[in-house]
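Listing of input11.txt; format and content: compact mmCIF, C-alpha atoms.
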# COMPACT_ATOMS: atom_id res chain seq x y z
CA MET C 2 -39.90 97.04 20.08
CA SER C 3 -42.68 94.84 21.36
CA LYS C 4 -42.31 93.05 24.66
CA VAL C 5 -42.15 89.27 24.21
CA ASN C 6 -44.67 87.60 26.49
CA VAL C 7 -43.32 84.07 26.38
CA ASN C 8 -45.37 81.55 28.32
CA LYS C 9 -42.84 78.72 28.56
CA VAL C 10 -44.27 75.28 29.28
CA LYS C 11 -42.49 72.23 30.69
CA ALA C 12 -43.10 68.96 28.82
CA GLY C 13 -44.74 66.66 31.36
CA GLY C 14 -45.25 62.91 31.09
CA ASP C 15 -49.04 63.31 30.76
CA MET C 16 -48.83 65.74 27.81
CA GLU C 17 -49.64 64.02 24.50
CA LEU C 18 -47.42 65.78 21.92
CA LYS C 19 -47.68 65.15 18.18
CA GLU C 20 -44.61 65.80 16.06
CA LYS C 21 -44.33 67.05 12.48
CA VAL C 22 -41.12 67.11 10.47
CA VAL C 23 -40.97 70.47 8.66
CA ALA C 24 -37.63 70.15 6.83
CA ILE C 25 -34.77 67.71 6.42
CA ASN C 26 -31.47 69.03 5.11
CA ARG C 27 -28.56 66.91 3.87
CA VAL C 28 -25.20 68.48 4.69
CA VAL C 29 -22.01 67.36 2.93
CA LYS C 30 -18.57 67.97 4.39
CA THR C 31 -15.66 67.30 2.04
CA THR C 32 -12.50 66.09 3.73
CA LYS C 33 -9.18 64.59 2.66
CA GLY C 34 -10.66 61.10 2.87
CA GLY C 35 -13.81 61.88 0.87
CA ARG C 36 -17.29 63.20 1.60
CA THR C 37 -19.04 62.97 4.96
CA PHE C 38 -22.85 63.17 4.91
CA SER C 39 -24.94 64.35 7.84
CA PHE C 40 -28.56 65.41 8.22
CA SER C 41 -30.39 68.18 10.06
CA ALA C 42 -34.11 67.96 10.82
CA LEU C 43 -36.45 70.81 11.78
CA VAL C 44 -39.30 69.40 13.88
CA VAL C 45 -42.45 71.01 15.34
CA VAL C 46 -44.29 69.40 18.28
CA GLY C 47 -47.64 70.35 19.80
CA ASN C 48 -50.59 68.98 21.73
CA GLU C 49 -53.15 70.62 19.36
CA SER C 50 -54.71 72.53 22.26
CA GLY C 51 -52.50 75.57 22.75
CA VAL C 52 -48.95 74.26 23.29
CA VAL C 53 -46.32 74.25 20.52
CA GLY C 54 -42.53 74.09 20.20
CA GLN C 55 -39.81 73.72 17.59
CA GLY C 56 -36.45 71.95 17.61
CA LEU C 57 -33.45 71.23 15.43
CA GLY C 58 -31.68 67.88 15.42
CA LYS C 59 -28.40 67.02 13.67
CA ALA C 60 -26.97 63.53 13.17
CA LYS C 61 -25.37 61.13 10.68
CA GLU C 62 -28.71 59.35 10.13
CA VAL C 63 -32.10 60.92 9.28
CA GLN C 64 -34.07 59.06 11.97
CA GLU C 65 -31.55 59.99 14.64
CA ALA C 66 -31.71 63.67 13.56
CA ILE C 67 -35.53 63.61 13.80
CA THR C 68 -35.38 62.04 17.28
CA LYS C 69 -32.90 64.71 18.44
CA GLY C 70 -35.14 67.41 16.93
CA ILE C 71 -38.17 66.09 18.86
CA GLU C 72 -36.19 66.13 22.13
CA ASP C 73 -35.04 69.71 21.43
CA ALA C 74 -38.60 70.79 20.56
CA LYS C 75 -39.92 69.42 23.87
CA LYS C 76 -37.50 71.78 25.65
CA ASN C 77 -38.81 74.84 23.76
CA LEU C 78 -42.60 74.66 24.33
CA VAL C 79 -44.74 77.82 24.53
CA LYS C 80 -48.41 78.35 25.46
CA VAL C 81 -50.64 79.90 22.80
CA PRO C 82 -54.06 81.48 23.48
CA VAL C 83 -56.55 79.68 21.19
CA MET C 84 -60.14 80.96 21.32
CA HIS C 85 -62.89 79.06 19.47
CA GLY C 86 -60.30 77.53 17.12
CA THR C 87 -58.72 80.86 16.12
CA ILE C 88 -56.35 83.45 17.57
CA PRO C 89 -57.55 86.49 19.58
CA HIS C 90 -56.08 89.24 17.34
CA ASP C 91 -53.78 90.05 14.39
CA GLN C 92 -50.07 89.64 15.02
CA TRP C 93 -46.91 90.39 13.07
CA ALA C 94 -43.46 89.01 13.93
CA LYS C 95 -40.00 88.79 12.43
CA ASP C 96 -37.09 86.41 12.86
CA GLY C 97 -34.03 86.85 10.67
CA ALA C 98 -35.31 87.85 7.21
CA ALA C 99 -38.61 85.98 7.65
CA LYS C 100 -41.66 88.06 8.47
CA VAL C 101 -45.04 86.52 9.26
CA LEU C 102 -48.54 87.95 9.62
CA ILE C 103 -51.30 85.94 11.28
CA LYS C 104 -54.95 87.01 11.46
CA PRO C 105 -58.02 85.47 13.10
CA ALA C 106 -60.52 83.89 10.69
CA ALA C 107 -64.21 82.99 10.81
CA HIS C 108 -65.24 79.49 11.84
CA GLY C 109 -64.92 77.07 8.91
CA ALA C 110 -62.23 79.06 7.08
CA GLY C 111 -59.51 76.53 7.89
CA VAL C 112 -55.78 77.07 8.15
CA ILE C 113 -54.81 79.26 5.21
CA ALA C 114 -51.01 79.27 5.47
CA GLY C 115 -47.83 78.11 3.75
CA GLY C 116 -46.00 74.85 4.48
CA SER C 117 -43.85 75.53 7.53
CA MET C 118 -46.35 78.02 9.03
CA ARG C 119 -49.15 75.49 8.56
CA ALA C 120 -47.24 72.84 10.55
CA VAL C 121 -46.78 75.24 13.50
CA LEU C 122 -50.38 76.51 13.49
CA GLU C 123 -51.90 73.00 13.23
CA SER C 124 -49.62 71.71 16.01
CA ALA C 125 -50.75 74.62 18.21
CA GLY C 126 -54.39 73.63 17.69
CA VAL C 127 -55.46 76.63 15.60
CA THR C 128 -58.18 75.48 13.17
CA ASP C 129 -59.20 78.80 11.56
CA VAL C 130 -56.53 81.37 10.70
CA LEU C 131 -55.28 83.51 7.81
CA ALA C 132 -51.49 83.64 7.60
CA LYS C 133 -48.96 85.16 5.23
CA SER C 134 -45.23 84.57 5.15
CA LEU C 135 -43.32 87.61 3.89
CA GLY C 136 -39.63 87.97 3.11
CA SER C 137 -37.50 84.87 3.45
CA ALA C 138 -38.96 81.42 2.76
CA ASN C 139 -36.27 79.69 4.86
CA PRO C 140 -38.26 77.14 6.93
CA HIS C 141 -36.08 77.61 10.04
CA ASN C 142 -36.73 81.36 10.22
CA VAL C 143 -40.40 81.07 9.21
CA VAL C 144 -41.06 78.54 12.00
CA LYS C 145 -39.22 80.71 14.56
CA ALA C 146 -41.11 83.84 13.45
CA THR C 147 -44.47 82.01 13.61
CA ILE C 148 -43.80 80.76 17.14
CA LYS C 149 -42.68 84.27 18.11
CA ALA C 150 -45.94 85.71 16.70
CA LEU C 151 -48.00 83.10 18.57
CA SER C 152 -46.15 83.83 21.83
CA LEU C 153 -46.84 87.57 21.43
CA LEU C 154 -50.61 86.94 21.39
CA ARG C 155 -52.54 88.12 24.46
CA GLU C 156 -55.86 86.90 25.79
CA PRO C 157 -58.69 89.47 26.12
CA VAL C 158 -58.76 88.98 29.91
CA GLN C 159 -55.06 89.84 30.09
CA VAL C 160 -55.59 92.96 27.92
CA ALA C 161 -58.51 94.11 30.10
CA LYS C 162 -56.40 93.69 33.24
CA THR C 163 -53.46 95.62 31.74
CA ARG C 164 -55.69 98.50 30.59
CA THR C 165 -57.85 98.35 33.74
CA VAL C 166 -61.08 98.28 31.71
CA LYS C 167 -63.99 95.86 31.56
CA LEU C 168 -63.82 92.83 29.28
CA SER C 169 -66.79 94.08 27.22
CA LYS C 170 -64.91 97.33 26.54
CA VAL C 171 -61.98 95.35 25.06
CA PHE C 172 -64.29 93.71 22.52
CA ASN C 173 -66.55 96.69 21.72
CA GLY C 174 -63.95 99.49 21.82
Rewrite the structure from the file as structure tokens, please.
Amino acid sequence: MSKVNVNKVKAGGDMELKEKVVAINRVVKTTKGGRTFSFSALVVVGNESGVVGQGLGKAKEVQEAITKGIEDAKKNLVKVPVMHGTIPHDQWAKDGAAKVLIKPAAHGAGVIAGGSMRAVLESAGVTDVLAKSLGSANPHNVVKATIKALSLLREPVQVAKTRTVKLSKVFNG
């Protein structure tokens, strides 16, 4: 089992976060008096320079659910190492039945990823990456698995320190 290296970040007033709605789900509860409709919204927020978070909001109105989701996402921010618009190394992660694989890509490749993974990667500020969602296509689990994979990423300086080797040795083997 891999050790989760979560770099939690507090949402400050000076941080400019952009939000993206990944999924909106209408939930119907049938009662004696008829049907009651409510909505749940899965929202991803990020500053497009290495900070990303996800949140879930539930309410009777769509706009209210989105607002609650944004507030929840601001409480769950993580720091992501972004180097030259891509990620430092390959990473695999799983959440529920959703499995994701993210790989660094050459400059100019763009974000090659599915819908909910794309929202997370773009919010994190990754511009060049290859990503594949395996297993479940449930947006909730795919978003959670993607954020888990991004939080497991380590910077080369951190790897060199852990292994007690020079930085050039990390890159050249």
Please compute the CA of Val112 in chain C-CA of Val53 in chain C distance, one decimal, in Å.
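Value for the CA of Val112 in chain C-CA of Val53 in chain C distance: 15.8 Å.
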Quick one: residues within 9 Å of Lys21 in chain C, only C-alpha atoms counted, chain neighbours fewer than 5 positions away excluded, as a list in words?
Leu43, Val44, Val45, Val46, Gly47, Ile71, Ala120, Val121 and Ser124 of chain C
With C-alpha atoms retained, could you export that selection as a short mmCIF file (atom, residue, chain, number, x, y, z; two decimals), keeping the file's coordinate frame?
data_model
loop_
_atom_site.label_atom_id
_atom_site.label_comp_id
_atom_site.auth_asym_id
_atom_site.auth_seq_id
_atom_site.Cartn_x
_atom_site.Cartn_y
_atom_site.Cartn_z
CA LEU C 43 -36.45 70.81 11.78
CA VAL C 44 -39.30 69.40 13.88
CA VAL C 45 -42.45 71.01 15.34
CA VAL C 46 -44.29 69.40 18.28
CA GLY C 47 -47.64 70.35 19.80
CA ILE C 71 -38.17 66.09 18.86
CA ALA C 120 -47.24 72.84 10.55
CA VAL C 121 -46.78 75.24 13.50
CA SER C 124 -49.62 71.71 16.01
#
Place a sphere of radius 6 Å on (-46.2, 83.2, 7.8) in the file coordinates and name every protein, DNA or RNA residue with an atom inside or on its surface, counting only C-alpha atoms; give the answer as a list of chain:residue names.
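Result, sorted by chain then residue number: C:Val101, C:Leu102, C:Met118, C:Ala132, C:Lys133, C:Ser134.
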Who sits within 7 Å of range 143-152 of chain C, all atoms listed in the file, same chain under 3 positions skipped, as a CSV table (one decimal) with C-alpha atoms, in the frame of the given file:
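So the final result, stored in result_10.csv, reads:
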chain,number,residue,atom,x,y,z
C,6,ASN,CA,-44.7,87.6,26.5
C,7,VAL,CA,-43.3,84.1,26.4
C,8,ASN,CA,-45.4,81.6,28.3
C,79,VAL,CA,-44.7,77.8,24.5
C,80,LYS,CA,-48.4,78.4,25.5
C,81,VAL,CA,-50.6,79.9,22.8
C,92,GLN,CA,-50.1,89.6,15.0
C,93,TRP,CA,-46.9,90.4,13.1
C,94,ALA,CA,-43.5,89.0,13.9
C,95,LYS,CA,-40.0,88.8,12.4
C,96,ASP,CA,-37.1,86.4,12.9
C,99,ALA,CA,-38.6,86.0,7.6
C,100,LYS,CA,-41.7,88.1,8.5
C,101,VAL,CA,-45.0,86.5,9.3
C,117,SER,CA,-43.8,75.5,7.5
C,118,MET,CA,-46.4,78.0,9.0
C,121,VAL,CA,-46.8,75.2,13.5
C,138,ALA,CA,-39.0,81.4,2.8
C,139,ASN,CA,-36.3,79.7,4.9
C,140,PRO,CA,-38.3,77.1,6.9
Give the padded box for range 128-144 of chain C as lines of an AutoDock Vina configuration file: axis-aligned, covering all atoms listed in the file, 3 Å on each side, centre and edge lengths in Å to one decimal.
center_x = -47.6
center_y = 81.7
center_z = 8.0
size_x = 29.1
size_y = 18.5
size_z = 16.4
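Each of C:Leu168, C:Ala125, C:Ile25, C:Val158 was checked against His141 in chain C using all atoms listed in the file; the smallest atom-to-atom distance is that of C:Ile25.
Of the residues listed (C:Val23, C:Ser169, C:Ile67, C:Lys104), C:Val23 shows the shortest atom-to-atom separation from Arg119 in chain C; distances use all atoms listed in the file.
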Counting all atoms listed in the file, which residues have an atom no more than 10 Å from (-55.9, 79.0, 25.4) in the file's coordinates? Please list them as a PyMOL selection string.
chain C and resi 50-52+80-89+125-126+155-156
Between CA of Phe40 in chain C and CA of Lys59 in chain C, measure the distance and give it in Å to one decimal.
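Value for the CA of Phe40 in chain C-CA of Lys59 in chain C distance: 5.7 Å.
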Save range 44-91 of chain C from what I just supplied, as a compact mmCIF listing (two decimals), in the first residue's frame, atoms limited to C-alpha atoms.
# COMPACT_ATOMS: atom_id res chain seq x y z
CA VAL C 44 -17.64 20.61 -8.16
CA VAL C 45 -13.88 20.92 -8.75
CA VAL C 46 -12.00 24.12 -7.82
CA GLY C 47 -8.40 25.07 -8.56
CA ASN C 48 -6.09 28.03 -9.07
CA GLU C 49 -4.54 26.52 -12.26
CA SER C 50 -1.07 26.64 -10.71
CA GLY C 51 -0.84 23.52 -8.56
CA VAL C 52 -3.79 23.66 -6.13
CA VAL C 53 -6.99 21.63 -6.67
CA GLY C 54 -9.92 20.35 -4.61
CA GLN C 55 -13.29 18.66 -5.01
CA GLY C 56 -16.59 19.03 -3.18
CA LEU C 57 -20.13 17.73 -3.12
CA GLY C 58 -23.13 19.95 -2.49
CA LYS C 59 -26.74 18.85 -1.95
CA ALA C 60 -29.80 21.12 -1.93
CA LYS C 61 -33.36 21.57 -3.20
CA GLU C 62 -32.16 23.98 -5.92
CA VAL C 63 -29.35 23.45 -8.46
CA GLN C 64 -27.63 26.80 -7.83
CA GLU C 65 -27.68 26.26 -4.08
CA ALA C 66 -26.17 22.76 -4.52
CA ILE C 67 -23.36 24.20 -6.69
CA THR C 68 -22.63 26.92 -4.10
CA LYS C 69 -22.47 24.30 -1.32
CA GLY C 70 -20.19 22.15 -3.50
CA ILE C 71 -17.80 25.08 -4.05
CA GLU C 72 -17.64 25.73 -0.28
CA ASP C 73 -16.94 22.03 0.36
CA ALA C 74 -14.25 21.96 -2.36
CA LYS C 75 -12.45 24.94 -0.78
CA LYS C 76 -12.12 22.86 2.41
CA ASN C 77 -10.49 19.93 0.54
CA LEU C 78 -7.62 21.59 -1.36
CA VAL C 79 -4.37 19.73 -2.10
CA LYS C 80 -1.03 20.91 -3.56
CA VAL C 81 0.09 19.25 -6.80
CA PRO C 82 3.67 19.35 -8.16
CA VAL C 83 3.43 20.76 -11.71
CA MET C 84 6.71 20.95 -13.64
CA HIS C 85 6.81 22.72 -17.02
CA GLY C 86 3.06 22.17 -17.47
CA THR C 87 3.18 18.41 -16.82
CA ILE C 88 3.51 16.02 -13.89
CA PRO C 89 6.90 14.68 -12.65
CA HIS C 90 6.20 10.93 -13.13
CA ASP C 91 3.58 8.25 -13.90
